[in-house]
file structure-v5.cif (mmCIF, C-alpha atoms)
data_entry
loop_
_atom_site.label_atom_id
_atom_site.label_comp_id
_atom_site.auth_asym_id
_atom_site.auth_seq_id
_atom_site.Cartn_x
_atom_site.Cartn_y
_atom_site.Cartn_z
CA GLY A 1360 21.53 206.97 208.09
CA GLY A 1361 19.90 208.46 211.15
CA LEU A 1362 19.13 212.00 212.19
CA GLY A 1363 22.58 212.41 213.69
CA ASN A 1364 23.63 213.70 217.06
CA ARG A 1365 23.16 217.43 216.65
CA HIS A 1366 22.71 218.30 220.34
CA HIS A 1367 24.81 215.49 221.83
CA LYS A 1368 21.69 213.49 222.53
CA GLU A 1369 21.09 209.88 221.76
CA PRO A 1370 21.22 209.48 217.94
CA ALA A 1371 18.05 208.37 216.18
CA LEU A 1372 18.33 205.11 214.31
CA GLY A 1373 17.88 205.34 210.59
CA GLU A 1374 17.30 203.06 207.66
CA PRO A 1375 20.08 201.07 206.02
CA GLY A 1376 22.17 203.20 203.65
CA GLU A 1377 23.81 202.44 200.33
CA GLU A 1378 27.27 201.10 199.79
CA LYS A 1379 29.28 201.69 196.64
CA GLU A 1380 32.81 200.85 195.63
CA LEU A 1381 34.48 203.46 193.42
CA LEU A 1382 37.76 203.44 191.54
CA LEU A 1383 39.12 206.96 191.15
CA ASP A 1384 41.79 207.79 188.60
CA LEU A 1385 43.82 210.85 189.61
CA LYS A 1386 45.39 212.80 186.78
CA LEU A 1387 47.59 215.63 187.88
CA ILE A 1388 46.88 219.09 186.58
CA ALA A 1389 50.00 220.96 185.50
CA GLN A 1390 50.56 223.35 182.64
CA ILE A 1391 53.95 221.82 181.80
CA GLY A 1392 55.14 218.22 181.96
CA VAL A 1393 58.85 217.35 181.97
CA ILE A 1394 59.48 214.10 180.10
CA GLY A 1395 62.54 212.07 179.22
CA PHE A 1396 64.53 208.94 179.96
CA PRO A 1397 65.58 208.13 183.54
CA ASN A 1398 68.63 210.07 184.81
CA VAL A 1399 68.42 212.92 182.28
CA GLY A 1400 67.98 215.50 185.06
CA LYS A 1401 64.21 215.99 185.27
CA SER A 1402 64.15 216.19 189.08
CA THR A 1403 67.19 218.46 189.12
CA LEU A 1404 65.48 220.77 186.62
CA ILE A 1405 62.25 220.86 188.67
CA SER A 1406 64.18 221.64 191.86
CA SER A 1407 66.12 224.40 190.06
CA ILE A 1408 63.11 226.23 188.59
CA SER A 1409 60.36 225.64 191.15
CA ASN A 1410 59.57 225.28 194.83
CA ALA A 1411 59.61 221.47 194.58
CA HIS A 1412 62.20 219.36 196.40
CA PRO A 1413 62.10 215.92 194.74
CA LYS A 1414 64.46 213.14 195.69
CA ILE A 1415 67.52 213.35 193.44
CA ALA A 1416 69.96 210.45 193.06
CA ALA A 1417 72.22 208.98 190.40
CA TYR A 1418 70.20 205.84 189.75
CA PRO A 1419 67.24 205.17 187.42
CA PHE A 1420 63.66 205.55 188.67
CA THR A 1421 64.53 207.66 191.71
CA THR A 1422 61.26 209.45 190.94
CA LYS A 1423 58.50 206.87 191.29
CA SER A 1424 55.48 209.18 191.08
CA PRO A 1425 55.02 212.62 189.49
CA VAL A 1426 56.22 215.62 191.50
CA LEU A 1427 54.57 219.01 191.09
CA GLY A 1428 56.39 222.32 191.45
CA ALA A 1429 55.08 225.87 191.31
CA VAL A 1430 57.15 228.24 189.18
CA ASN A 1431 57.05 231.99 189.69
CA PHE A 1432 58.90 233.74 186.87
CA GLU A 1433 58.48 237.48 186.38
CA ASP A 1434 54.68 237.99 186.33
CA LYS A 1435 53.88 234.39 185.38
CA ASN A 1436 52.93 231.53 187.69
CA PHE A 1437 52.52 227.96 186.48
CA VAL A 1438 52.80 224.37 187.65
CA VAL A 1439 55.40 221.96 186.29
CA ALA A 1440 55.16 218.17 186.69
CA ASP A 1441 58.26 216.00 186.94
CA ILE A 1442 57.11 212.83 185.18
CA PRO A 1443 59.06 209.69 186.19
CA GLY A 1444 61.46 208.39 183.55
CA LEU A 1445 60.04 206.88 180.40
CA ILE A 1446 61.69 204.01 178.57
CA LYS A 1447 61.19 202.01 175.40
CA GLY A 1448 57.89 200.15 175.86
CA SER A 1449 56.41 202.72 178.30
CA SER A 1450 53.23 203.02 176.24
CA GLU A 1451 52.58 199.29 176.83
CA GLY A 1452 53.23 199.54 180.56
CA LYS A 1453 56.93 198.69 180.71
CA GLY A 1454 58.49 200.37 183.75
CA LEU A 1455 54.99 201.58 184.76
CA GLY A 1456 55.25 204.01 181.82
CA ASP A 1457 51.54 203.93 180.96
CA LYS A 1458 50.76 205.01 184.53
CA PHE A 1459 53.21 207.92 184.16
CA LEU A 1460 52.06 208.94 180.68
CA ARG A 1461 48.48 209.52 181.81
CA HIS A 1462 49.67 212.44 183.94
CA ILE A 1463 50.71 214.43 180.88
CA GLU A 1464 47.29 214.20 179.21
CA ARG A 1465 46.18 217.45 180.87
CA THR A 1466 49.40 219.40 180.36
CA LYS A 1467 49.57 222.10 177.71
CA ILE A 1468 53.29 221.92 176.94
CA LEU A 1469 55.97 219.26 177.31
CA ILE A 1470 59.59 219.94 178.13
CA HIS A 1471 61.46 217.09 176.51
CA LEU A 1472 64.67 216.83 178.52
CA ILE A 1473 67.54 215.09 176.80
CA ASP A 1474 70.93 214.13 178.25
CA MET A 1475 73.26 215.60 175.61
CA SER A 1476 76.37 214.26 177.32
CA GLY A 1477 75.58 210.63 176.52
CA PHE A 1478 76.90 209.89 180.02
CA GLU A 1479 74.48 206.97 180.49
CA GLY A 1480 75.70 205.37 177.26
CA ARG A 1481 72.60 206.39 175.28
CA ASP A 1482 72.46 208.39 172.08
CA PRO A 1483 70.55 211.71 172.45
CA ILE A 1484 69.03 211.37 168.96
CA GLU A 1485 67.71 207.87 169.66
CA ASP A 1486 66.43 209.01 173.06
CA TYR A 1487 64.45 211.80 171.39
CA LYS A 1488 62.99 209.47 168.77
CA THR A 1489 62.15 206.73 171.31
CA ILE A 1490 60.28 209.04 173.68
CA ASN A 1491 58.30 210.59 170.82
CA ARG A 1492 57.44 207.12 169.50
CA GLU A 1493 56.18 206.16 172.98
CA LEU A 1494 54.06 209.32 173.15
CA LYS A 1495 52.53 208.52 169.76
CA ASN A 1496 51.87 204.88 170.71
CA TYR A 1497 50.19 206.01 173.93
CA SER A 1498 47.97 208.73 172.45
CA LYS A 1499 47.98 210.74 169.23
CA GLU A 1500 46.67 213.77 171.22
CA VAL A 1501 49.57 213.59 173.67
CA ALA A 1502 52.04 213.24 170.79
CA LYS A 1503 50.69 216.47 169.24
CA LYS A 1504 51.39 218.57 172.33
CA PRO A 1505 53.95 221.33 171.79
CA GLN A 1506 57.43 220.37 172.98
CA ILE A 1507 60.31 222.46 174.20
CA ILE A 1508 63.51 220.49 173.69
CA ALA A 1509 65.97 221.09 176.52
CA ALA A 1510 69.49 219.80 175.90
CA ASN A 1511 70.64 219.10 179.46
CA LYS A 1512 74.07 218.37 180.96
CA MET A 1513 75.77 220.86 178.65
CA ASP A 1514 78.42 221.29 181.35
CA LEU A 1515 79.77 217.81 180.55
CA GLU A 1516 82.45 217.03 177.96
CA ALA A 1517 80.74 215.40 174.96
CA ALA A 1518 77.58 217.52 175.16
CA GLY A 1519 78.67 220.21 172.66
CA ASP A 1520 79.45 217.74 169.88
CA ASN A 1521 76.28 215.75 170.57
CA LEU A 1522 74.14 218.92 170.45
CA ALA A 1523 75.61 219.91 167.06
CA ARG A 1524 74.91 216.41 165.71
CA PHE A 1525 71.40 216.46 167.25
CA LYS A 1526 70.54 219.78 165.55
CA LYS A 1527 71.71 218.46 162.17
CA VAL A 1528 69.60 215.31 162.38
CA ILE A 1529 66.48 216.46 164.26
CA LYS A 1530 66.37 220.00 162.79
CA LYS A 1531 64.46 221.48 165.73
CA LYS A 1532 65.39 224.17 168.22
CA ALA A 1533 67.05 222.72 171.30
CA TYR A 1534 67.82 224.92 174.30
CA PRO A 1535 71.22 224.13 175.84
CA ILE A 1536 70.97 224.04 179.65
CA SER A 1537 72.67 222.71 182.73
CA ALA A 1538 70.01 222.05 185.36
CA LEU A 1539 72.70 221.18 187.91
CA LYS A 1540 74.60 224.45 187.44
CA LYS A 1541 71.36 226.41 186.79
CA GLU A 1542 72.58 227.66 183.41
CA GLY A 1543 70.24 228.52 180.52
CA LEU A 1544 67.09 228.02 182.60
CA GLU A 1545 65.51 231.41 182.03
#
call {"tool": "encode", "arguments": {"input": "structure-v5.cif", "output": "structure tokens"}}
result
Amino acid sequence: GGLGNRHHKEPALGEPGEEKELLLDLKLIAQIGVIGFPNVGKSTLISSISNAHPKIAAYPFTTKSPVLGAVNFEDKNFVVADIPGLIKGSSEGKGLGDKFLRHIERTKILIHLIDMSGFEGRDPIEDYKTINRELKNYSKEVAKKPQIIAANKMDLEAAGDNLARFKKVIKKKAYPISALKKEGLE
């Protein structure tokens, strides 16, 4: 490059510069990543607990890229990432899942959101197992991250029975919530 045009005078000509093509890979930085199948209520949860306003609709893959939200709770501030829905085969790129999974590599904790109502015709137990299998297939480090299991859509009819069955089979603590009605979110 040249000497520039510091005093609005004629710029001095310089020597040819260098040209370089770079490929940058952006990984979001959030303390918490919300994972789960499409339509389990991830965007609704993010909008209920943070300042984020993601698009919310009743069809799969409404969220096409991660959405960040800042949460201010008592004296704590942290960032939560709404990860687009994962499906069986996500770790191999199905449904762009591998592109979504890379965003949770830097998170410290995962909120595994599960639709306990079975409204979409899926079994909550199989959903839990499938997502964890995809995490393991993608990266053993990601699969080891601590998970908070949030049993969403507890305001719907079959959710209570499904949660009882889930607890018997999975034997892990699951927090019953309704992201839509903002119940159990604290």
call {"tool": "resolve_selection", "arguments": {"input": "structure-v5.cif", "expression": "the PyMOL selection byres ((chain A and resi 1507-1512) around 10)", "output": "ChimeraX atom specification"}}
result
/A:1391,1393-1394,1399-1401,1404,1468-1478,1483,1487,1504-1506,1513-1519,1521-1522,1525,1531-1540,1542-1544
call {"tool": "atom_distance", "arguments": {"input": "structure-v5.cif", "atom1": "CA of Glu1545 in chain A", "atom2": "CA of Arg1461 in chain A"}}
result
27.7 Å
call {"tool": "resolve_selection", "arguments": {"input": "structure-v5.cif", "expression": "the PyMOL selection byres ((chain A and resi 1424-1438) around 7)", "output": "PyMOL selection string"}}
result
chain A and resi 1389-1391+1405+1408-1411+1413+1422-1423+1439-1443
call {"tool": "write_last_selection", "arguments": {"input": "structure-v5.cif", "atoms": "C-alpha atoms", "output": "mmCIF file, keeping the file's coordinate frame"}}
result
data_model
loop_
_atom_site.group_PDB
_atom_site.id
_atom_site.type_symbol
_atom_site.label_atom_id
_atom_site.label_comp_id
_atom_site.auth_asym_id
_atom_site.auth_seq_id
_atom_site.Cartn_x
_atom_site.Cartn_y
_atom_site.Cartn_z
ATOM 1 C CA ALA A 1389 50.000 220.960 185.500
ATOM 2 C CA GLN A 1390 50.560 223.350 182.640
ATOM 3 C CA ILE A 1391 53.950 221.820 181.800
ATOM 4 C CA ILE A 1405 62.250 220.860 188.670
ATOM 5 C CA ILE A 1408 63.110 226.230 188.590
ATOM 6 C CA SER A 1409 60.360 225.640 191.150
ATOM 7 C CA ASN A 1410 59.570 225.280 194.830
ATOM 8 C CA ALA A 1411 59.610 221.470 194.580
ATOM 9 C CA PRO A 1413 62.100 215.920 194.740
ATOM 10 C CA THR A 1422 61.260 209.450 190.940
ATOM 11 C CA LYS A 1423 58.500 206.870 191.290
ATOM 12 C CA VAL A 1439 55.400 221.960 186.290
ATOM 13 C CA ALA A 1440 55.160 218.170 186.690
ATOM 14 C CA ASP A 1441 58.260 216.000 186.940
ATOM 15 C CA ILE A 1442 57.110 212.830 185.180
ATOM 16 C CA PRO A 1443 59.060 209.690 186.190
#
call {"tool": "resolve_selection", "arguments": {"input": "structure-v5.cif", "expression": "the PyMOL selection byres ((chain A and resi 1489) around 12)", "output": "PyMOL selection string"}}
result
chain A and resi 1394-1396+1445-1450+1471+1473+1481-1488+1490-1496
call {"tool": "atom_distance", "arguments": {"input": "structure-v5.cif", "atom1": "CA of Asn1398 in chain A", "atom2": "CA of Gly1480 in chain A"}}
result
11.4 Å
call {"tool": "atom_distance", "arguments": {"input": "structure-v5.cif", "atom1": "CA of Ser1407 in chain A", "atom2": "CA of Gly1392 in chain A"}}
result
15.0 Å
